[in-house]
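Here is the file input.txt (compact mmCIF, C-alpha atoms and all ligand atoms).
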```txt
# COMPACT_ATOMS: atom_id res chain seq x y z
CA MET A 1 5.72 -18.99 -6.67
CA SER A 2 7.90 -16.39 -4.92
CA HIS A 3 8.26 -12.67 -4.38
CA ILE A 4 11.45 -10.76 -5.22
CA PRO A 5 11.84 -8.01 -2.61
CA VAL A 6 12.51 -4.51 -3.94
CA LEU A 7 15.32 -2.14 -2.83
CA VAL A 8 16.35 -4.54 -0.02
CA GLU A 9 19.89 -3.23 0.42
CA GLN A 10 18.71 0.37 0.54
CA VAL A 11 15.96 -0.53 3.02
CA MET A 12 18.52 -2.23 5.31
CA GLU A 13 20.86 0.74 5.06
CA ALA A 14 18.06 3.14 6.04
CA LEU A 15 16.71 0.92 8.81
CA ALA A 16 20.18 0.15 10.19
CA PRO A 17 18.99 -2.60 12.57
CA VAL A 18 21.24 -3.29 15.57
CA GLU A 19 21.46 -6.19 17.93
CA GLY A 20 18.54 -6.38 20.36
CA ALA A 21 16.37 -3.99 18.32
CA VAL A 22 12.63 -4.49 17.82
CA ILE A 23 11.61 -3.97 14.21
CA VAL A 24 8.07 -3.95 12.81
CA ASP A 25 7.75 -5.41 9.31
CA GLY A 26 4.32 -3.97 8.53
CA THR A 27 4.09 -5.83 5.20
CA TYR A 28 5.49 -9.32 5.77
CA GLY A 29 4.31 -10.68 2.36
CA GLY A 30 6.88 -13.30 1.43
CA GLY A 31 9.13 -12.33 4.34
CA GLY A 32 11.95 -10.92 2.17
CA TYR A 33 12.50 -7.82 4.32
CA SER A 34 12.13 -9.74 7.61
CA ARG A 35 14.73 -12.28 6.50
CA ALA A 36 17.09 -9.50 5.45
CA VAL A 37 16.79 -7.80 8.87
CA LEU A 38 17.39 -11.04 10.75
CA ALA A 39 20.40 -11.77 8.55
CA VAL A 40 22.17 -8.53 9.44
CA ALA A 41 21.35 -8.21 13.15
CA SER A 42 20.14 -10.41 15.94
CA CYS A 43 16.95 -8.59 16.72
CA ARG A 44 13.23 -9.31 16.99
CA VAL A 45 10.92 -8.73 14.05
CA LEU A 46 7.17 -8.31 14.44
CA ALA A 47 5.72 -9.73 11.21
CA VAL A 48 2.49 -7.92 10.39
CA ASP A 49 0.27 -8.58 7.36
CA ARG A 50 -3.45 -8.32 6.78
CA ASP A 51 -3.45 -11.26 4.36
CA PRO A 52 -4.09 -14.63 6.07
CA ASP A 53 -1.93 -16.42 3.42
CA ALA A 54 1.04 -14.17 4.22
CA MET A 55 0.55 -14.82 7.93
CA GLU A 56 0.67 -18.55 7.28
CA ARG A 57 4.12 -18.03 5.76
CA ALA A 58 5.07 -15.92 8.78
CA TRP A 59 4.06 -18.72 11.17
CA GLU A 60 6.15 -21.21 9.18
CA HIS A 61 9.07 -18.79 9.30
CA ALA A 62 8.61 -18.33 13.07
CA GLY A 63 8.81 -22.09 13.46
CA ARG A 64 12.34 -21.96 12.03
CA ASP A 65 13.43 -18.72 13.71
CA SER A 66 12.02 -17.72 17.09
CA ARG A 67 13.22 -14.12 16.60
CA LEU A 68 10.28 -13.61 14.20
CA ILE A 69 7.00 -12.86 15.97
CA PRO A 70 3.87 -13.18 13.79
CA ALA A 71 1.38 -10.39 14.56
CA PRO A 72 -1.60 -10.47 12.16
CA GLY A 73 -3.41 -7.23 11.44
CA ARG A 74 -3.34 -3.99 9.48
CA PHE A 75 -0.31 -1.75 9.43
CA GLY A 76 -2.58 1.21 10.20
CA GLU A 77 -2.66 -0.23 13.71
CA ILE A 78 1.03 -1.04 14.21
CA ASP A 79 1.24 0.91 17.46
CA ALA A 80 -1.57 -1.12 19.04
CA ILE A 81 -0.18 -4.34 17.52
CA SER A 82 3.30 -3.68 18.96
CA ARG A 83 1.87 -2.82 22.35
CA ALA A 84 -0.20 -6.01 22.37
CA ALA A 85 3.01 -7.94 21.61
CA GLY A 86 4.63 -6.34 24.66
CA TYR A 87 6.56 -3.50 23.01
CA GLU A 88 5.45 -0.03 24.02
CA HIS A 89 8.02 1.47 21.62
CA VAL A 90 9.99 0.03 18.71
CA ASP A 91 13.30 0.75 16.98
CA GLY A 92 12.16 0.51 13.40
CA VAL A 93 9.10 0.32 11.15
CA MET A 94 9.34 -0.76 7.52
CA LEU A 95 6.53 -0.76 4.98
CA ASP A 96 6.68 -2.17 1.46
CA LEU A 97 3.33 -1.14 0.01
CA GLY A 98 1.08 -2.74 -2.55
CA VAL A 99 0.62 -6.40 -3.35
CA SER A 100 3.04 -9.32 -3.34
CA SER A 101 3.68 -11.66 -6.26
CA PHE A 102 1.99 -14.37 -4.18
CA GLN A 103 -1.22 -12.35 -4.37
CA ILE A 104 -0.94 -11.29 -8.03
CA ASP A 105 0.02 -14.76 -9.23
CA GLU A 106 -2.90 -16.54 -7.54
CA PRO A 107 -5.89 -16.32 -9.95
CA ALA A 108 -8.40 -17.06 -7.17
CA ARG A 109 -7.45 -13.79 -5.42
CA GLY A 110 -8.66 -11.79 -8.42
CA PHE A 111 -5.84 -9.20 -8.50
CA SER A 112 -4.61 -9.87 -12.04
CA PHE A 113 -6.18 -8.76 -15.31
CA MET A 114 -4.15 -11.48 -17.05
CA ARG A 115 -5.61 -14.46 -15.19
CA GLU A 116 -9.24 -15.52 -15.01
CA GLY A 117 -10.63 -15.50 -11.49
CA PRO A 118 -13.34 -13.94 -9.34
CA LEU A 119 -13.24 -10.12 -9.31
CA ASP A 120 -12.16 -10.09 -5.68
CA MET A 121 -8.91 -8.20 -4.75
CA ARG A 122 -9.51 -8.29 -0.97
CA MET A 123 -6.20 -8.71 0.84
CA GLU A 124 -7.98 -9.62 4.07
CA ARG A 125 -10.51 -11.88 2.34
CA ARG A 126 -13.39 -10.04 3.99
CA GLY A 127 -15.48 -6.97 3.32
CA PRO A 128 -16.70 -5.71 -0.07
CA SER A 129 -14.91 -7.04 -3.15
CA ALA A 130 -13.94 -5.35 -6.42
CA ALA A 131 -17.06 -6.92 -7.99
CA ASP A 132 -19.21 -5.25 -5.29
CA ALA A 133 -17.59 -1.92 -6.16
CA VAL A 134 -18.17 -2.08 -9.92
CA ASN A 135 -21.63 -3.60 -9.61
CA ARG A 136 -23.03 -1.43 -6.81
CA LEU A 137 -21.43 2.00 -6.66
CA THR A 138 -22.85 4.90 -8.66
CA GLU A 139 -21.37 5.97 -11.99
CA GLY A 140 -19.88 9.09 -10.35
CA GLU A 141 -18.27 7.09 -7.55
CA ILE A 142 -16.73 4.58 -9.95
CA ALA A 143 -15.42 7.43 -12.12
CA ASP A 144 -13.84 9.09 -9.05
CA ILE A 145 -12.10 5.87 -8.05
CA PHE A 146 -10.66 5.38 -11.54
CA HIS A 147 -9.67 9.04 -11.78
CA TYR A 148 -8.11 9.57 -8.35
CA LEU A 149 -6.64 6.16 -7.59
CA GLY A 150 -5.87 5.01 -11.13
CA GLU A 151 -5.19 8.39 -12.78
CA GLU A 152 -7.21 6.91 -15.65
CA PRO A 153 -7.80 9.55 -18.35
CA PHE A 154 -11.00 7.85 -19.56
CA ALA A 155 -12.48 7.39 -16.07
CA ARG A 156 -15.89 8.89 -16.87
CA ARG A 157 -16.33 7.08 -20.15
CA LEU A 158 -15.45 3.76 -18.54
CA ALA A 159 -17.72 4.33 -15.55
CA ARG A 160 -20.66 5.19 -17.81
CA GLY A 161 -20.12 2.04 -19.88
CA ILE A 162 -19.74 -0.16 -16.80
CA VAL A 163 -23.02 1.04 -15.32
CA GLN A 164 -24.83 0.34 -18.61
CA ARG A 165 -23.27 -3.07 -19.06
CA ARG A 166 -23.91 -4.24 -15.47
CA ARG A 167 -27.65 -3.71 -15.94
CA LEU A 168 -27.57 -6.54 -18.48
CA GLN A 169 -24.96 -8.64 -16.74
CA PRO A 170 -23.01 -7.85 -13.58
CA PHE A 171 -19.21 -8.13 -13.68
CA GLU A 172 -18.05 -11.23 -11.88
CA THR A 173 -14.62 -12.14 -13.19
CA THR A 174 -11.28 -10.46 -13.80
CA LEU A 175 -11.14 -11.21 -17.51
CA ASP A 176 -14.72 -10.05 -18.03
CA LEU A 177 -13.82 -6.59 -16.66
CA ALA A 178 -10.38 -6.52 -18.32
CA SER A 179 -11.76 -7.35 -21.75
CA TYR A 180 -14.62 -4.89 -21.28
CA VAL A 181 -12.09 -2.11 -20.58
CA GLU A 182 -9.95 -3.22 -23.52
CA ARG A 183 -12.94 -3.17 -25.90
CA THR A 184 -14.12 0.21 -24.60
CA LEU A 185 -10.71 1.84 -24.88
CA GLY A 186 -9.87 0.16 -28.16
CA GLY A 187 -7.03 -2.26 -27.43
CA ARG A 188 -3.43 -1.64 -26.55
CA GLN A 189 -2.58 0.51 -29.57
CA GLY A 190 1.10 -0.33 -29.37
CA LYS A 191 1.33 0.55 -25.69
CA ARG A 192 3.37 -1.58 -23.32
CA THR A 193 0.79 -1.66 -20.58
CA HIS A 194 -2.60 -3.39 -20.72
CA PRO A 195 -5.49 -0.88 -20.97
CA ALA A 196 -7.01 -2.31 -17.75
CA THR A 197 -3.85 -1.69 -15.66
CA ARG A 198 -5.06 1.59 -14.15
CA VAL A 199 -8.62 0.38 -13.53
CA PHE A 200 -7.37 -2.72 -11.70
CA GLN A 201 -4.92 -0.71 -9.63
CA ALA A 202 -7.64 1.78 -8.68
CA LEU A 203 -10.09 -0.93 -7.65
CA ARG A 204 -7.44 -2.72 -5.59
CA MET A 205 -6.49 0.49 -3.79
CA PHE A 206 -10.15 1.29 -3.15
CA VAL A 207 -11.22 -2.16 -1.94
CA ASN A 208 -8.32 -2.29 0.52
CA ASP A 209 -8.49 1.42 1.45
CA GLU A 210 -4.76 1.54 0.76
CA ALA A 211 -4.31 5.31 0.93
CA GLY A 212 -6.27 5.52 4.20
CA GLU A 213 -4.23 2.67 5.65
CA LEU A 214 -0.99 4.43 4.69
CA VAL A 215 -2.03 7.64 6.45
CA ARG A 216 -3.01 5.70 9.56
CA ALA A 217 0.30 3.77 9.42
CA LEU A 218 2.41 6.94 9.31
CA LEU A 219 0.58 8.36 12.33
CA ALA A 220 0.84 5.00 14.14
CA ALA A 221 4.58 4.81 13.39
CA GLU A 222 5.04 8.33 14.76
CA ARG A 223 3.46 7.13 18.02
CA ALA A 224 5.24 3.75 18.14
CA LEU A 225 8.83 4.69 17.27
CA LYS A 226 11.25 5.53 20.05
CA ASP A 227 13.71 8.44 19.97
CA GLY A 228 16.19 7.51 17.22
CA GLY A 229 13.85 4.89 15.73
CA ARG A 230 13.63 4.67 11.97
CA LEU A 231 10.70 4.76 9.58
CA VAL A 232 11.31 3.31 6.10
CA VAL A 233 8.59 3.27 3.44
CA VAL A 234 8.68 1.90 -0.11
CA THR A 235 5.81 3.03 -2.36
CA PHE A 236 4.83 2.12 -5.93
CA HIS A 237 2.29 4.80 -6.71
CA SER A 238 2.53 8.59 -6.98
CA ILE A 239 -0.39 9.17 -4.58
CA GLU A 240 1.33 7.08 -1.92
CA ASP A 241 4.73 8.65 -2.48
CA ARG A 242 3.16 12.10 -2.15
CA ILE A 243 1.51 11.14 1.15
CA VAL A 244 4.82 9.87 2.57
CA LYS A 245 6.79 12.84 1.24
CA ASN A 246 4.37 15.41 2.69
CA PHE A 247 4.21 13.62 6.02
CA LEU A 248 7.99 13.47 6.43
CA ARG A 249 8.57 16.99 5.15
CA THR A 250 6.05 18.63 7.45
CA ARG A 251 7.06 16.63 10.50
CA SER A 252 10.74 17.34 9.95
CA GLY A 253 10.07 21.07 9.63
CA HIS A 254 11.08 21.15 5.96
CA SER A 255 7.76 21.91 4.41
CA PRO A 256 6.42 25.41 4.01
CA GLY A 257 3.30 23.69 2.68
CA LEU A 258 1.54 23.09 5.98
CA SER A 259 -2.02 22.61 4.92
CA ARG A 260 -4.38 25.37 5.97
CA HIS A 261 -6.92 22.55 6.27
CA ALA A 262 -4.91 21.00 9.09
CA PRO A 263 -5.63 23.16 12.10
CA GLU A 264 -4.98 20.16 14.35
CA ILE A 265 -1.25 20.36 13.63
CA PRO A 266 0.30 22.14 16.60
CA VAL A 267 1.78 25.53 15.71
CA GLY A 268 5.50 25.68 16.34
CA ALA A 269 5.72 22.04 17.43
CA PRO A 270 9.29 20.69 17.41
CA PRO A 271 9.94 18.27 14.52
CA SER A 272 8.96 14.68 15.30
CA PHE A 273 11.25 13.33 12.55
CA GLU A 274 14.65 14.13 11.12
CA LEU A 275 14.75 13.78 7.36
CA VAL A 276 18.26 12.76 6.37
CA TYR A 277 17.67 12.85 2.60
CA ARG A 278 14.88 14.91 1.14
CA LYS A 279 14.84 12.98 -2.13
CA ALA A 280 13.36 9.55 -2.67
CA VAL A 281 15.74 6.63 -3.21
CA GLU A 282 15.07 4.92 -6.55
CA PRO A 283 16.08 1.47 -7.81
CA SER A 284 19.11 1.12 -10.06
CA LEU A 285 18.65 0.29 -13.75
CA ASP A 286 20.20 -3.04 -12.96
CA GLU A 287 17.55 -3.83 -10.34
CA VAL A 288 14.73 -2.78 -12.69
CA GLU A 289 16.14 -5.08 -15.36
CA ARG A 290 16.25 -7.98 -12.93
CA ASN A 291 12.86 -7.17 -11.39
CA PRO A 292 10.51 -5.03 -13.53
CA ARG A 293 8.15 -4.65 -10.52
CA ALA A 294 10.82 -2.35 -9.01
CA ARG A 295 10.34 0.22 -11.79
CA SER A 296 8.07 2.60 -9.90
CA ALA A 297 9.47 1.91 -6.40
CA ARG A 298 10.41 4.94 -4.28
CA LEU A 299 11.95 4.69 -0.83
CA ARG A 300 11.72 7.44 1.79
CA TRP A 301 12.95 7.24 5.34
CA ALA A 302 13.47 9.36 8.42
CA ILE A 303 14.62 9.15 12.03
CA ARG A 304 12.18 9.74 14.89
CA SER A 305 13.19 12.59 17.19
CA GLY A 306 12.48 12.72 20.92
CA ALA A 307 9.71 15.31 20.38
CA PRO A 308 6.10 14.35 21.08
CA ALA A 309 4.08 12.97 18.18
CA TRP A 310 2.21 15.68 16.29
CA GLY A 311 -0.76 13.38 15.83
CA GLY A 312 -3.71 14.71 13.86
CA ARG A 313 -4.51 13.54 10.41
CA LEU A 314 -3.29 14.18 6.89
CA ASP A 315 -5.28 15.99 4.28
CA ASP A 316 -3.68 14.43 1.27
CA LEU A 317 -6.41 11.94 0.56
CA PRO A 318 -8.59 12.58 -2.44
CA ARG A 319 -12.28 12.68 -1.71
CA LEU A 320 -13.59 9.22 -2.36
CA PRO A 321 -16.79 7.36 -1.74
CA GLY A 322 -16.28 5.68 1.59
CA LEU A 323 -15.88 1.96 1.97
CA LYS A 324 -18.40 2.24 4.81
CA GLN A 325 -21.05 3.21 2.32
CA LEU A 326 -20.19 0.18 0.19
CA GLU A 327 -20.15 -2.05 3.25
CA GLY A 328 -23.66 -0.80 4.00
CA ALA A 329 -24.71 -1.53 0.44
CA VAL A 330 -23.51 -5.13 0.47
CA SER A 331 -24.47 -6.15 4.01
C1 LIG A 401 4.79 -5.81 -1.60
S1 LIG A 401 4.25 -6.99 -0.44
C2 LIG A 401 5.52 -7.06 0.75
C3 LIG A 401 6.64 -7.96 0.37
C4 LIG A 401 7.70 -8.15 1.43
N1 LIG A 401 8.40 -6.93 1.75
C5 LIG A 401 8.68 -9.22 1.01
O1 LIG A 401 9.86 -8.90 0.91
O2 LIG A 401 8.28 -10.36 0.78
C6 LIG A 401 3.00 -6.12 0.41
C7 LIG A 401 2.31 -6.93 1.52
O3 LIG A 401 1.66 -5.99 2.37
C8 LIG A 401 0.42 -6.50 2.77
N2 LIG A 401 -0.42 -5.36 3.10
C9 LIG A 401 -0.91 -4.43 2.26
N3 LIG A 401 -1.62 -3.52 2.94
C10 LIG A 401 -1.57 -3.88 4.24
C11 LIG A 401 -2.10 -3.31 5.44
N4 LIG A 401 -2.83 -2.21 5.42
N5 LIG A 401 -1.79 -3.92 6.60
C12 LIG A 401 -1.04 -5.04 6.63
N6 LIG A 401 -0.53 -5.62 5.53
C13 LIG A 401 -0.78 -5.05 4.35
C14 LIG A 401 -0.06 -7.29 1.59
O4 LIG A 401 -1.00 -8.26 2.01
C15 LIG A 401 1.25 -7.90 1.07
O5 LIG A 401 1.45 -9.17 1.62
```

Exercise: express the given structure as structure tokens:
Amino acid sequence: MSHIPVLVEQVMEALAPVEGAVIVDGTYGGGGYSRAVLAVASCRVLAVDRDPDAMERAWEHAGRDSRLIPAPGRFGEIDAISRAAGYEHVDGVMLDLGVSSFQIDEPARGFSFMREGPLDMRMERRGPSAADAVNRLTEGEIADIFHYLGEEPFARRLARGIVQRRRLQPFETTLDLASYVERTLGGRQGKRTHPATRVFQALRMFVNDEAGELVRALLAAERALKDGGRLVVVTFHSIEDRIVKNFLRTRSGHSPGLSRHAPEIPVGAPPSFELVYRKAVEPSLDEVERNPRARSARLRWAIRSGAPAWGGRLDDLPRLPGLKQLEGAVS
């Protein structure tokens, strides 16, 4: 089992690590990005991941290279994590969102609709699982998750069917849910993607609060990066790319679209980031051919200015039933 890192060269170019720098790899995964950084510059890398299996790999890696510092936790807290490791400010933050092949390829983690396993999907291995979500949330909540996070056109129909079916028999495994979705939507009908793709993606994003974590990570990076520090983010989903794009555009003074719902953003504040390219970097056709997972990857990056962090929060998140509520329901 391994994980082929996406857009590595472009990430290194954007991050531009120099000797002595402190870089936060907020998504250590299989360590592809961390290894690439350490190969181009003699710096220190804080290896952050919320998945205990990924952190085990990070500890092994640290045993071979003392420049790698394992720092378990969520990337939404990278400022606190860096401070706890002794770095008040850092030179670079890189995030490679989503799941690793290690996670997808392990049936027991329950991420894949192709492999039988428990309907789990929890990166951290704690908290409510995907099975808790489909078996306990209301029809409306499930429909919202499929609609907003999966952009599933048949969200309501699927949610209605799931609530009826779970009364007879709760969903417990990946293939049970995948085949239910396939039967309800009537098979693949010549399409390349499995009919359960969007539902699985939505549940994974919900269970791990991925959009919320991303927002917190951007704000934490704004606080943690020093003047001239670089933020590099690779996304695989349009919701996530939109969050990163809006964050960098507003904070670099490029966006006229300052949300009227964001009164906490200081009026006339000097830009906290400099956006060098406004467009997202995309993988080459060659890379997509070699690694189909790269297909939807988008890279955005910016350089931290010396201006104070704007702070506040972003308003890009769709309204979703809170995890808290689900936590309450399963505790
Ligand atoms: C696409 S993989 C990263 C792969 C890595 N760049 C490499 O080259 O091997 C994403 C990783 O981020 C981790 N992750 C996702 N959300 C996280 C979060 N909020 N905090 C910390 N780690 C997270 C996942 O557990 C997974 O290991």

Contacts of region 54-115 of chain A with region 187-211 of chain A up to 8 Å, shortest pair per row, only C-alpha atoms, as JSON lines:
```
{"residue": "A:Gly98", "atom": "CA", "partner": "A:Glu210", "partner_atom": "CA", "distance": 8.0}
{"residue": "A:Phe111", "atom": "CA", "partner": "A:Arg204", "partner_atom": "CA", "distance": 7.3}
{"residue": "A:Ser112", "atom": "CA", "partner": "A:Phe200", "partner_atom": "CA", "distance": 7.7}
{"residue": "A:Phe113", "atom": "CA", "partner": "A:Ala196", "partner_atom": "CA", "distance": 6.9}
```

May I have the residues at most 12 Å from (-9.3, -20.0, -5.3) in the file's coordinates, counting only C-alpha atoms, as an MDAnalysis selection string? chainID A and resid 53 103 105:111 115:121 125

Kindly give the distance, in Å, that separates CA of Leu97 (chain A) and CA of Val134 (chain A), rounded to a single decimal.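 Computing it gives 23.7 Å between the two atoms.
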
Would you kindly return, as a list in words, each protein, DNA or RNA residue with an atom no farther than 6 Å from any atom of region 276-286 of chain A, considering only C-alpha atoms and excluding same-chain residues fewer than 4 positions away?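 Everything that qualifies: Arg298, Leu299 and Arg300 of chain A.
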
Written file, previous selection with C-alpha atoms, as a PDB file, in the frame of the given file:
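So out.pdb came out as:
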```pdb
ATOM      1  CA  ARG A 298      10.410   4.940  -4.280  1.00  0.00           C
ATOM      2  CA  LEU A 299      11.950   4.690  -0.830  1.00  0.00           C
ATOM      3  CA  ARG A 300      11.720   7.440   1.790  1.00  0.00           C
TER       4      ARG A 300
END
```

Please give me, as a ChimeraX atom specification, the residues lying within 8 Å of ligand LIG 401 (chain A) when counting all atoms listed in the file. /A:3-6,8,25-34,48-51,54,72-76,95-103,123-124,208-210,213-214,217

Output C-alpha atoms of each residue in that selection to a file, as a PDB file, in the frame of the given file.
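After the write, out-v3.pdb holds the following:
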```pdb
ATOM      1  CA  HIS A   3       8.260 -12.670  -4.380  1.00  0.00           C
ATOM      2  CA  ILE A   4      11.450 -10.760  -5.220  1.00  0.00           C
ATOM      3  CA  PRO A   5      11.840  -8.010  -2.610  1.00  0.00           C
ATOM      4  CA  VAL A   6      12.510  -4.510  -3.940  1.00  0.00           C
ATOM      5  CA  VAL A   8      16.350  -4.540  -0.020  1.00  0.00           C
ATOM      6  CA  ASP A  25       7.750  -5.410   9.310  1.00  0.00           C
ATOM      7  CA  GLY A  26       4.320  -3.970   8.530  1.00  0.00           C
ATOM      8  CA  THR A  27       4.090  -5.830   5.200  1.00  0.00           C
ATOM      9  CA  TYR A  28       5.490  -9.320   5.770  1.00  0.00           C
ATOM     10  CA  GLY A  29       4.310 -10.680   2.360  1.00  0.00           C
ATOM     11  CA  GLY A  30       6.880 -13.300   1.430  1.00  0.00           C
ATOM     12  CA  GLY A  31       9.130 -12.330   4.340  1.00  0.00           C
ATOM     13  CA  GLY A  32      11.950 -10.920   2.170  1.00  0.00           C
ATOM     14  CA  TYR A  33      12.500  -7.820   4.320  1.00  0.00           C
ATOM     15  CA  SER A  34      12.130  -9.740   7.610  1.00  0.00           C
ATOM     16  CA  VAL A  48       2.490  -7.920  10.390  1.00  0.00           C
ATOM     17  CA  ASP A  49       0.270  -8.580   7.360  1.00  0.00           C
ATOM     18  CA  ARG A  50      -3.450  -8.320   6.780  1.00  0.00           C
ATOM     19  CA  ASP A  51      -3.450 -11.260   4.360  1.00  0.00           C
ATOM     20  CA  ALA A  54       1.040 -14.170   4.220  1.00  0.00           C
ATOM     21  CA  PRO A  72      -1.600 -10.470  12.160  1.00  0.00           C
ATOM     22  CA  GLY A  73      -3.410  -7.230  11.440  1.00  0.00           C
ATOM     23  CA  ARG A  74      -3.340  -3.990   9.480  1.00  0.00           C
ATOM     24  CA  PHE A  75      -0.310  -1.750   9.430  1.00  0.00           C
ATOM     25  CA  GLY A  76      -2.580   1.210  10.200  1.00  0.00           C
ATOM     26  CA  LEU A  95       6.530  -0.760   4.980  1.00  0.00           C
ATOM     27  CA  ASP A  96       6.680  -2.170   1.460  1.00  0.00           C
ATOM     28  CA  LEU A  97       3.330  -1.140   0.010  1.00  0.00           C
ATOM     29  CA  GLY A  98       1.080  -2.740  -2.550  1.00  0.00           C
ATOM     30  CA  VAL A  99       0.620  -6.400  -3.350  1.00  0.00           C
ATOM     31  CA  SER A 100       3.040  -9.320  -3.340  1.00  0.00           C
ATOM     32  CA  SER A 101       3.680 -11.660  -6.260  1.00  0.00           C
ATOM     33  CA  PHE A 102       1.990 -14.370  -4.180  1.00  0.00           C
ATOM     34  CA  GLN A 103      -1.220 -12.350  -4.370  1.00  0.00           C
ATOM     35  CA  MET A 123      -6.200  -8.710   0.840  1.00  0.00           C
ATOM     36  CA  GLU A 124      -7.980  -9.620   4.070  1.00  0.00           C
ATOM     37  CA  ASN A 208      -8.320  -2.290   0.520  1.00  0.00           C
ATOM     38  CA  ASP A 209      -8.490   1.420   1.450  1.00  0.00           C
ATOM     39  CA  GLU A 210      -4.760   1.540   0.760  1.00  0.00           C
ATOM     40  CA  GLU A 213      -4.230   2.670   5.650  1.00  0.00           C
ATOM     41  CA  LEU A 214      -0.990   4.430   4.690  1.00  0.00           C
ATOM     42  CA  ALA A 217       0.300   3.770   9.420  1.00  0.00           C
TER      43      ALA A 217
END
```
